[in-house]
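A short write-up of the structure that comes next.
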Amino acid sequence: MTDETFTIRAYGKSELAMMYFPDLSKETAMKKLRFWLSVNPQLRHLISKNFRNFTPKQVRLIIEEIGEPFL
């Protein structure tokens, strides 16, 4: 077990996806995170492909809805 804690900050989409799904390829992890976002009405608006990063506010919303990723 590590003493690391999840830090709310800006994360790249693939970076955050890989934190949630560390055993998957980057592309598969991103697809899976997009799916999780799409089935949650509070997170659906985050699926937009117009940006590459999640802001700290968006990251906070994601972890409030689906929990913290693995570290």
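Chains: A, B, ... in order of the structure tokens. Residues: from 1 per chain. Ligands: from 1, in order shown.
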
What residues in stretch 8-57 of chain A get the DSSP label helix (DSSP H, G or I)? Please answer as a VMD selection string.
chain A and resid 13 to 20 26 to 39 44 to 47 56 to 57

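Atom pair atom CA of A:Arg44 / atom CA of A:Lys31: separated by 13.6 Å.
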
Secondary structure check, strand (DSSP E) residues of chain A, as a list in words
Tyr11, Gly12, Asn53 and Phe54 of chain A

Name the residues in contact with stretch 7-18 of chain A at a cut-off of 7 Å, using only C-alpha atoms, excluding same-chain residues fewer than 3 positions from it; report them as a list in words.
Phe21, Pro22, Lys26, Ala29, Met30, Leu33, Arg52, Asn53, Phe54, Thr55, Pro56, Val59 and Arg60 of chain A

What's the separation between atom CA of A:Ser48 and atom CA of A:Thr5, in Å to one decimal place?
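Interatomic distance here is 27.7 Å.
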
Could you work out how far atom CA of A:Glu4 lies from atom CA of A:Asn40, giving the answer in Å with one decimal?
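The value is 27.3 Å.
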